[in-house]
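*Asks:* See protein25.txt below, with compact mmCIF, C-alpha atoms and all ligand atoms.
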# COMPACT_ATOMS: atom_id res chain seq x y z
CA MET A 30 0.00 0.00 0.00
CA SER A 31 1.39 3.38 -0.93
CA LEU A 32 -0.42 6.37 0.38
CA GLN A 33 -1.96 9.25 -1.51
CA ASN A 34 0.14 12.15 -0.26
CA SER A 35 -2.01 15.10 -1.14
CA LYS A 36 -5.46 15.83 0.24
CA PHE A 37 -8.24 14.65 -2.03
CA CYS A 38 -11.99 14.38 -2.45
CA VAL A 39 -12.97 10.83 -1.49
CA THR A 40 -15.75 10.79 -4.11
CA CYS A 41 -14.15 12.12 -7.31
CA HIS A 42 -10.49 11.81 -6.15
CA LYS A 43 -9.64 15.31 -7.31
CA SER A 44 -6.63 16.56 -5.38
CA ASN A 45 -4.62 19.73 -5.05
CA ILE A 46 -7.63 21.96 -5.29
CA PRO A 47 -8.22 24.70 -2.74
CA ASP A 48 -11.74 23.90 -1.60
CA LEU A 49 -11.46 20.43 -0.09
CA LYS A 50 -13.60 20.59 3.00
CA LEU A 51 -13.51 18.12 5.86
CA CYS A 52 -16.78 16.38 6.68
CA SER A 53 -17.97 18.53 9.56
CA LYS A 54 -19.17 15.52 11.54
CA CYS A 55 -16.29 13.02 11.52
CA ARG A 56 -13.59 15.46 10.40
CA VAL A 57 -11.76 12.68 8.60
CA VAL A 58 -12.85 12.60 4.94
CA ARG A 59 -12.78 15.51 2.51
CA TYR A 60 -15.08 16.57 -0.31
CA CYS A 61 -14.62 19.07 -3.12
CA SER A 62 -18.30 20.00 -3.29
CA ARG A 63 -21.75 19.45 -1.85
CA LYS A 64 -22.47 17.29 -4.86
CA CYS A 65 -19.63 14.90 -4.07
CA GLN A 66 -20.62 14.82 -0.42
CA LYS A 67 -24.19 13.92 -1.34
CA LYS A 68 -23.02 11.21 -3.72
CA ASP A 69 -21.01 9.59 -0.91
CA PHE A 70 -23.71 9.92 1.73
CA ILE A 71 -25.00 6.32 1.73
CA LEU A 72 -21.51 4.85 1.86
CA HIS A 73 -20.18 7.32 4.41
CA LYS A 74 -23.14 7.75 6.75
CA GLN A 75 -22.61 4.71 8.96
CA ILE A 76 -18.92 5.15 9.72
CA CYS A 77 -19.31 8.91 9.99
CA GLU A 78 -21.95 8.53 12.68
CA ALA A 79 -19.89 5.87 14.44
CA ILE A 80 -16.86 8.16 14.58
CA ASP A 81 -18.96 11.08 15.73
CA GLY A 82 -20.63 8.94 18.40
CA GLU A 83 -17.32 7.62 19.73
CA LEU A 84 -15.88 11.10 19.84
CA ASN A 85 -18.84 12.44 21.80
CA TRP A 86 -18.58 9.56 24.26
CA ILE A 87 -14.83 10.06 24.66
CA GLN A 88 -15.25 13.78 25.27
CA ASN A 89 -18.01 13.10 27.76
CA LEU A 90 -15.71 10.73 29.67
CA GLU A 91 -12.81 13.17 29.52
CA GLU A 92 -15.00 15.70 31.25
CA THR A 93 -15.76 13.29 34.12
CA PHE A 94 -12.03 12.62 34.61
CA LYS A 95 -11.56 16.17 35.80
CA SER A 96 -13.03 15.04 39.11
CA LEU A 97 -12.74 11.30 39.48
CA LYS A 98 -13.04 9.38 42.73
CA ILE A 99 -10.31 6.80 42.43
CA ASP A 100 -11.32 5.06 45.62
CA PRO A 101 -14.38 5.29 47.85
CA SER A 102 -12.78 7.32 50.60
CA SER A 103 -10.80 9.74 48.46
CA LYS A 104 -11.73 13.17 47.32
CA PRO A 105 -12.29 13.54 43.59
CA VAL A 106 -9.08 14.31 41.73
CA ASN A 107 -8.35 15.61 38.28
CA VAL A 108 -6.65 12.57 36.75
CA TRP A 109 -5.48 14.71 33.82
CA GLU A 110 -3.18 16.33 36.35
CA THR A 111 -2.35 13.32 38.46
CA HIS A 112 -2.33 10.28 36.19
CA ILE A 113 -1.19 11.22 32.68
CA GLY A 114 0.93 8.30 31.53
CA ARG A 115 -0.60 6.05 34.17
CA PHE A 116 -4.21 5.77 33.07
CA SER A 117 -4.23 1.99 33.09
CA GLU A 118 -3.29 2.00 36.78
CA LEU A 119 -6.75 3.38 37.42
CA THR A 120 -8.11 -0.09 37.02
CA ASP A 121 -10.74 -0.38 39.67
CA TYR A 122 -13.88 -1.44 37.90
CA ARG A 123 -16.25 -0.65 40.70
CA ASP A 124 -18.32 2.45 40.41
CA TRP A 125 -17.58 4.81 43.25
CA SER A 126 -19.63 7.63 41.87
CA GLY A 127 -22.91 6.12 43.03
CA GLU A 128 -24.38 6.41 39.59
CA ASP A 129 -26.43 3.54 38.32
CA LEU A 130 -24.39 2.35 35.37
CA LEU A 131 -24.70 -0.89 33.50
CA THR A 132 -21.05 -1.07 32.66
CA PRO A 133 -19.24 1.16 35.10
CA HIS A 134 -15.78 0.05 34.02
CA ASP A 135 -16.40 1.73 30.68
CA ARG A 136 -16.35 4.96 32.57
CA PHE A 137 -13.00 4.38 34.19
CA PRO A 138 -9.79 5.52 32.53
CA ARG A 139 -8.85 1.99 31.57
CA GLY A 140 -12.14 1.58 29.77
CA TYR A 141 -11.61 4.99 28.22
CA LEU A 142 -8.34 3.81 26.69
CA GLY A 143 -10.31 1.03 25.01
CA TRP A 144 -12.85 3.51 23.64
CA ARG A 145 -10.02 5.59 22.27
CA MET A 146 -8.70 2.51 20.49
CA THR A 147 -12.12 1.82 18.97
CA TYR A 148 -12.23 5.41 17.80
CA SER A 149 -8.73 5.11 16.32
CA TYR A 150 -9.63 1.93 14.44
CA LEU A 151 -12.62 3.61 12.82
CA ILE A 152 -10.30 6.31 11.53
CA TRP A 153 -7.79 3.67 10.46
CA SER A 154 -10.48 1.83 8.49
CA LEU A 155 -11.05 5.01 6.45
CA ALA A 156 -7.31 5.66 6.10
CA ASP A 157 -6.88 2.11 4.83
CA ARG A 158 -9.85 2.25 2.48
CA TYR A 159 -8.73 5.50 0.86
CA GLU A 160 -4.99 4.93 1.26
CA SER A 161 -4.74 8.45 2.58
CA TYR A 162 -1.59 9.92 4.10
CA GLU A 163 -3.58 12.57 5.91
CA MET A 164 -5.96 10.06 7.52
CA THR A 165 -3.10 7.74 8.44
CA GLU A 166 -1.42 10.68 10.17
CA THR A 167 -4.64 11.35 12.07
CA TYR A 168 -4.73 7.69 13.12
CA LEU A 169 -1.10 7.91 14.26
CA SER A 170 -1.80 11.01 16.33
CA HIS A 171 -4.57 9.14 18.20
CA LEU A 172 -2.32 6.14 18.81
CA LEU A 173 0.41 8.39 20.18
CA GLU A 174 -2.08 10.23 22.34
CA THR A 175 -3.30 6.93 23.81
CA LEU A 176 0.30 5.92 24.49
CA ARG A 177 0.97 9.24 26.19
CA MET A 178 -1.89 8.59 28.59
CA ASP A 179 -0.82 5.04 29.27
CA ALA A 180 2.90 4.38 29.12
CA ALA A 181 2.27 0.79 30.29
CA ASP A 182 0.47 0.36 26.94
CA VAL A 183 -2.26 -2.12 27.90
CA ASN A 184 -3.76 -1.77 24.42
CA ASN A 185 -0.56 -2.72 22.61
CA VAL A 186 -0.31 0.55 20.74
CA LYS A 187 3.44 0.12 20.28
CA TYR A 188 2.85 -3.02 18.30
CA ARG A 189 0.93 -0.98 15.70
CA LEU A 190 3.40 1.85 15.34
CA PRO A 191 6.07 0.29 13.07
CA LEU A 192 3.60 -0.33 10.22
CA ILE A 193 2.20 3.17 10.48
CA PHE A 194 5.65 4.78 10.61
CA LEU A 195 6.62 2.71 7.59
CA LEU A 196 3.51 3.77 5.66
CA LEU A 197 4.15 7.40 6.49
CA GLY A 198 7.85 7.15 5.69
CA LYS A 199 8.80 8.16 9.22
CA ARG A 200 11.15 6.63 11.72
ZN ZN A 301 -15.28 15.63 -5.48
ZN ZN A 302 -18.08 12.21 8.03
What would the structure in this file look like if it were written as structure tokens?
Ligand SMILES: [Zn+2]
Ligand SMILES: [Zn+2]
*Replies:*
Amino acid sequence: MSLQNSKFCVTCHKSNIPDLKLCSKCRVVRYCSRKCQKKDFILHKQICEAIDGELNWIQNLEETFKSLKIDPSSKPVNVWETHIGRFSELTDYRDWSGEDLLTPHDRFPRGYLGWRMTYSYLIWSLADRYESYEMTETYLSHLLETLRMDAADVNNVKYRLPLIFLLLGKR
């Protein structure tokens, strides 16, 4: 697979034109015109909504991590300040918040790392389909961000990096 280096419209494949706009919902694919966007709607709709939904969920979780009770007797802490790089250590699956949640572990930082991976894979599936340098770079930035939050790398991000670096011609 060799990647398309320039930005392009995923419908008509025109590249190097000034007006290539990102889909405002997923912010991954680009179109040259409304017409091309409409033409792609049926194909794009499902993954676009999936990406948008994951992103909303991730952002919602990120908000709750600004005051997270990491054990029942502790005061809420901002884990963005206390646990960057150590997110997977926040592994307690019990729900201390008292909220009635079906799957409380999804709300904990370890679960969050998993959601981030799901989100990344959705972007990767588009990058792979369109063989796009730009989308592959976006995928890489999410992988690196996940690694930054969790140096212990419970999601095996490091295992994915060599292929992506190779595709992007980076070291
Ligand atoms: Zn087009
Ligand atoms: Zn979209």
*Asks:* Distance cut-off 10 Å, centre (-17.3, 19.0, 45.4) in file coordinates, counting all atoms listed in the file: which residues qualify? Return them as a PyMOL selection string.
*Replies:* chain A and resi 96+104-105
*Asks:* Hey, can you check how far atom CA of Thr40 of chain A sits from atom CA of Leu173 of chain A?
*Replies:*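 Atom-to-atom, atom CA of Thr40 of chain A to atom CA of Leu173 of chain A, that is 29.3 Å.
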*Asks:* Could you give me the residues within 12 Å of ligand ZN 302 (chain A), counting all atoms listed in the file, as a PyMOL selection string?
*Replies:* chain A and resi 39+50-60+66-67+69-82+151-152+155
*Asks:* Please produce an output containing C-alpha atoms for each residue in the selection, written as a PDB file, in the frame of the given file.
*Replies:*
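Output (part_34.pdb):
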ATOM      1  CA  VAL A  39     -12.970  10.830  -1.490  1.00  0.00           C
ATOM      2  CA  LYS A  50     -13.600  20.590   3.000  1.00  0.00           C
ATOM      3  CA  LEU A  51     -13.510  18.120   5.860  1.00  0.00           C
ATOM      4  CA  CYS A  52     -16.780  16.380   6.680  1.00  0.00           C
ATOM      5  CA  SER A  53     -17.970  18.530   9.560  1.00  0.00           C
ATOM      6  CA  LYS A  54     -19.170  15.520  11.540  1.00  0.00           C
ATOM      7  CA  CYS A  55     -16.290  13.020  11.520  1.00  0.00           C
ATOM      8  CA  ARG A  56     -13.590  15.460  10.400  1.00  0.00           C
ATOM      9  CA  VAL A  57     -11.760  12.680   8.600  1.00  0.00           C
ATOM     10  CA  VAL A  58     -12.850  12.600   4.940  1.00  0.00           C
ATOM     11  CA  ARG A  59     -12.780  15.510   2.510  1.00  0.00           C
ATOM     12  CA  TYR A  60     -15.080  16.570  -0.310  1.00  0.00           C
ATOM     13  CA  GLN A  66     -20.620  14.820  -0.420  1.00  0.00           C
ATOM     14  CA  LYS A  67     -24.190  13.920  -1.340  1.00  0.00           C
ATOM     15  CA  ASP A  69     -21.010   9.590  -0.910  1.00  0.00           C
ATOM     16  CA  PHE A  70     -23.710   9.920   1.730  1.00  0.00           C
ATOM     17  CA  ILE A  71     -25.000   6.320   1.730  1.00  0.00           C
ATOM     18  CA  LEU A  72     -21.510   4.850   1.860  1.00  0.00           C
ATOM     19  CA  HIS A  73     -20.180   7.320   4.410  1.00  0.00           C
ATOM     20  CA  LYS A  74     -23.140   7.750   6.750  1.00  0.00           C
ATOM     21  CA  GLN A  75     -22.610   4.710   8.960  1.00  0.00           C
ATOM     22  CA  ILE A  76     -18.920   5.150   9.720  1.00  0.00           C
ATOM     23  CA  CYS A  77     -19.310   8.910   9.990  1.00  0.00           C
ATOM     24  CA  GLU A  78     -21.950   8.530  12.680  1.00  0.00           C
ATOM     25  CA  ALA A  79     -19.890   5.870  14.440  1.00  0.00           C
ATOM     26  CA  ILE A  80     -16.860   8.160  14.580  1.00  0.00           C
ATOM     27  CA  ASP A  81     -18.960  11.080  15.730  1.00  0.00           C
ATOM     28  CA  GLY A  82     -20.630   8.940  18.400  1.00  0.00           C
ATOM     29  CA  LEU A 151     -12.620   3.610  12.820  1.00  0.00           C
ATOM     30  CA  ILE A 152     -10.300   6.310  11.530  1.00  0.00           C
ATOM     31  CA  LEU A 155     -11.050   5.010   6.450  1.00  0.00           C
TER      32      LEU A 155
END
*Asks:* Which residues, written as a PyMOL selection string, have at least one atom at most 8 Å from segment 138-148 of chain A, with only C-alpha atoms counted and residues fewer than 3 positions away on the same chain left out?
*Replies:* chain A and resi 80+83-84+87+90+94+116-120+134-135+151-152+171-172+175+184
*Asks:* Please find the residues contacting ligand ZN 301 (chain A) at a distance of at most 6 Å between atoms, with all atoms listed in the file counted, and report them as a PDB file with C-alpha atoms, in the frame of the given file.
*Replies:*
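Saved the output as result.pdb:
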ATOM      1  CA  CYS A  38     -11.990  14.380  -2.450  1.00  0.00           C
ATOM      2  CA  THR A  40     -15.750  10.790  -4.110  1.00  0.00           C
ATOM      3  CA  CYS A  41     -14.150  12.120  -7.310  1.00  0.00           C
ATOM      4  CA  LYS A  43      -9.640  15.310  -7.310  1.00  0.00           C
ATOM      5  CA  TYR A  60     -15.080  16.570  -0.310  1.00  0.00           C
ATOM      6  CA  CYS A  61     -14.620  19.070  -3.120  1.00  0.00           C
ATOM      7  CA  SER A  62     -18.300  20.000  -3.290  1.00  0.00           C
ATOM      8  CA  CYS A  65     -19.630  14.900  -4.070  1.00  0.00           C
TER       9      CYS A  65
END
*Asks:* What does the distance from atom CA of Asn45 of chain A to atom CA of Tyr168 of chain A come to in Å, to one decimal?
*Replies:*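 Going from atom CA of Asn45 of chain A over to atom CA of Tyr168 of chain A covers 21.8 Å.
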*Asks:* For Phe137 of chain A, which residue out of A:Arg189, A:Arg158, A:Lys95, A:Arg63 is the nearest one, using all atoms listed in the file?
*Replies:* A:Lys95
*Asks:* Can you tell me how far atom CA of Asp100 of chain A sits from atom CA of His112 of chain A, in Å to one decimal?
*Replies:* 14.0 Å
*Asks:* In the coordinate frame of the file, compute which residues have an atom within 7 Å of (0.8, 8.3, 12.5) when using all atoms listed in the file, and state them as a PyMOL selection string.
*Replies:* chain A and resi 165-170+193-194+197
*Asks:* Assuming 5 Å of padding per side, give the centre and edge lengths of the axis-aligned box around every listed atom of segment 196-199 of chain A, in Å to one decimal and as lines of an AutoDock Vina configuration file.
*Replies:*
center_x = 6.2
center_y = 6.0
center_z = 7.4
size_x = 15.3
size_y = 14.4
size_z = 13.6
*Asks:* Applying 8 Å and all atoms listed in the file, which residues near Lys36 of chain A remain after dropping the ones on its own chain fewer than 3 positions away? List them as a list in words.
*Replies:*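 The neighbour list is Gln33, Ser44, Asn45, Leu49, Arg59, Ser161 and Glu163 of chain A.
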*Asks:* Given the choices A:Leu195, A:Ser154, A:Gln88, A:Ser149, which gets closest to Glu174 of chain A if the distance is worked out from only C-alpha atoms?
*Replies:*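 Among the listed residues, the smallest separation from Glu174 of chain A belongs to A:Ser149.
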*Asks:* Considering all atoms listed in the file, can you say which of A:Glu160, A:Arg115, A:Lys98, A:Asn85 comes closest to His42 of chain A?
*Replies:*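 For His42 of chain A, the nearest of the given residues is A:Glu160.
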*Asks:* Point out the residue among A:Phe37, A:Tyr162, A:Trp153, A:Trp109 with the least atom-to-atom distance to Lys199 of chain A, counting only C-alpha atoms.
*Replies:*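 Smallest distance to Lys199 of chain A is found for A:Tyr162.
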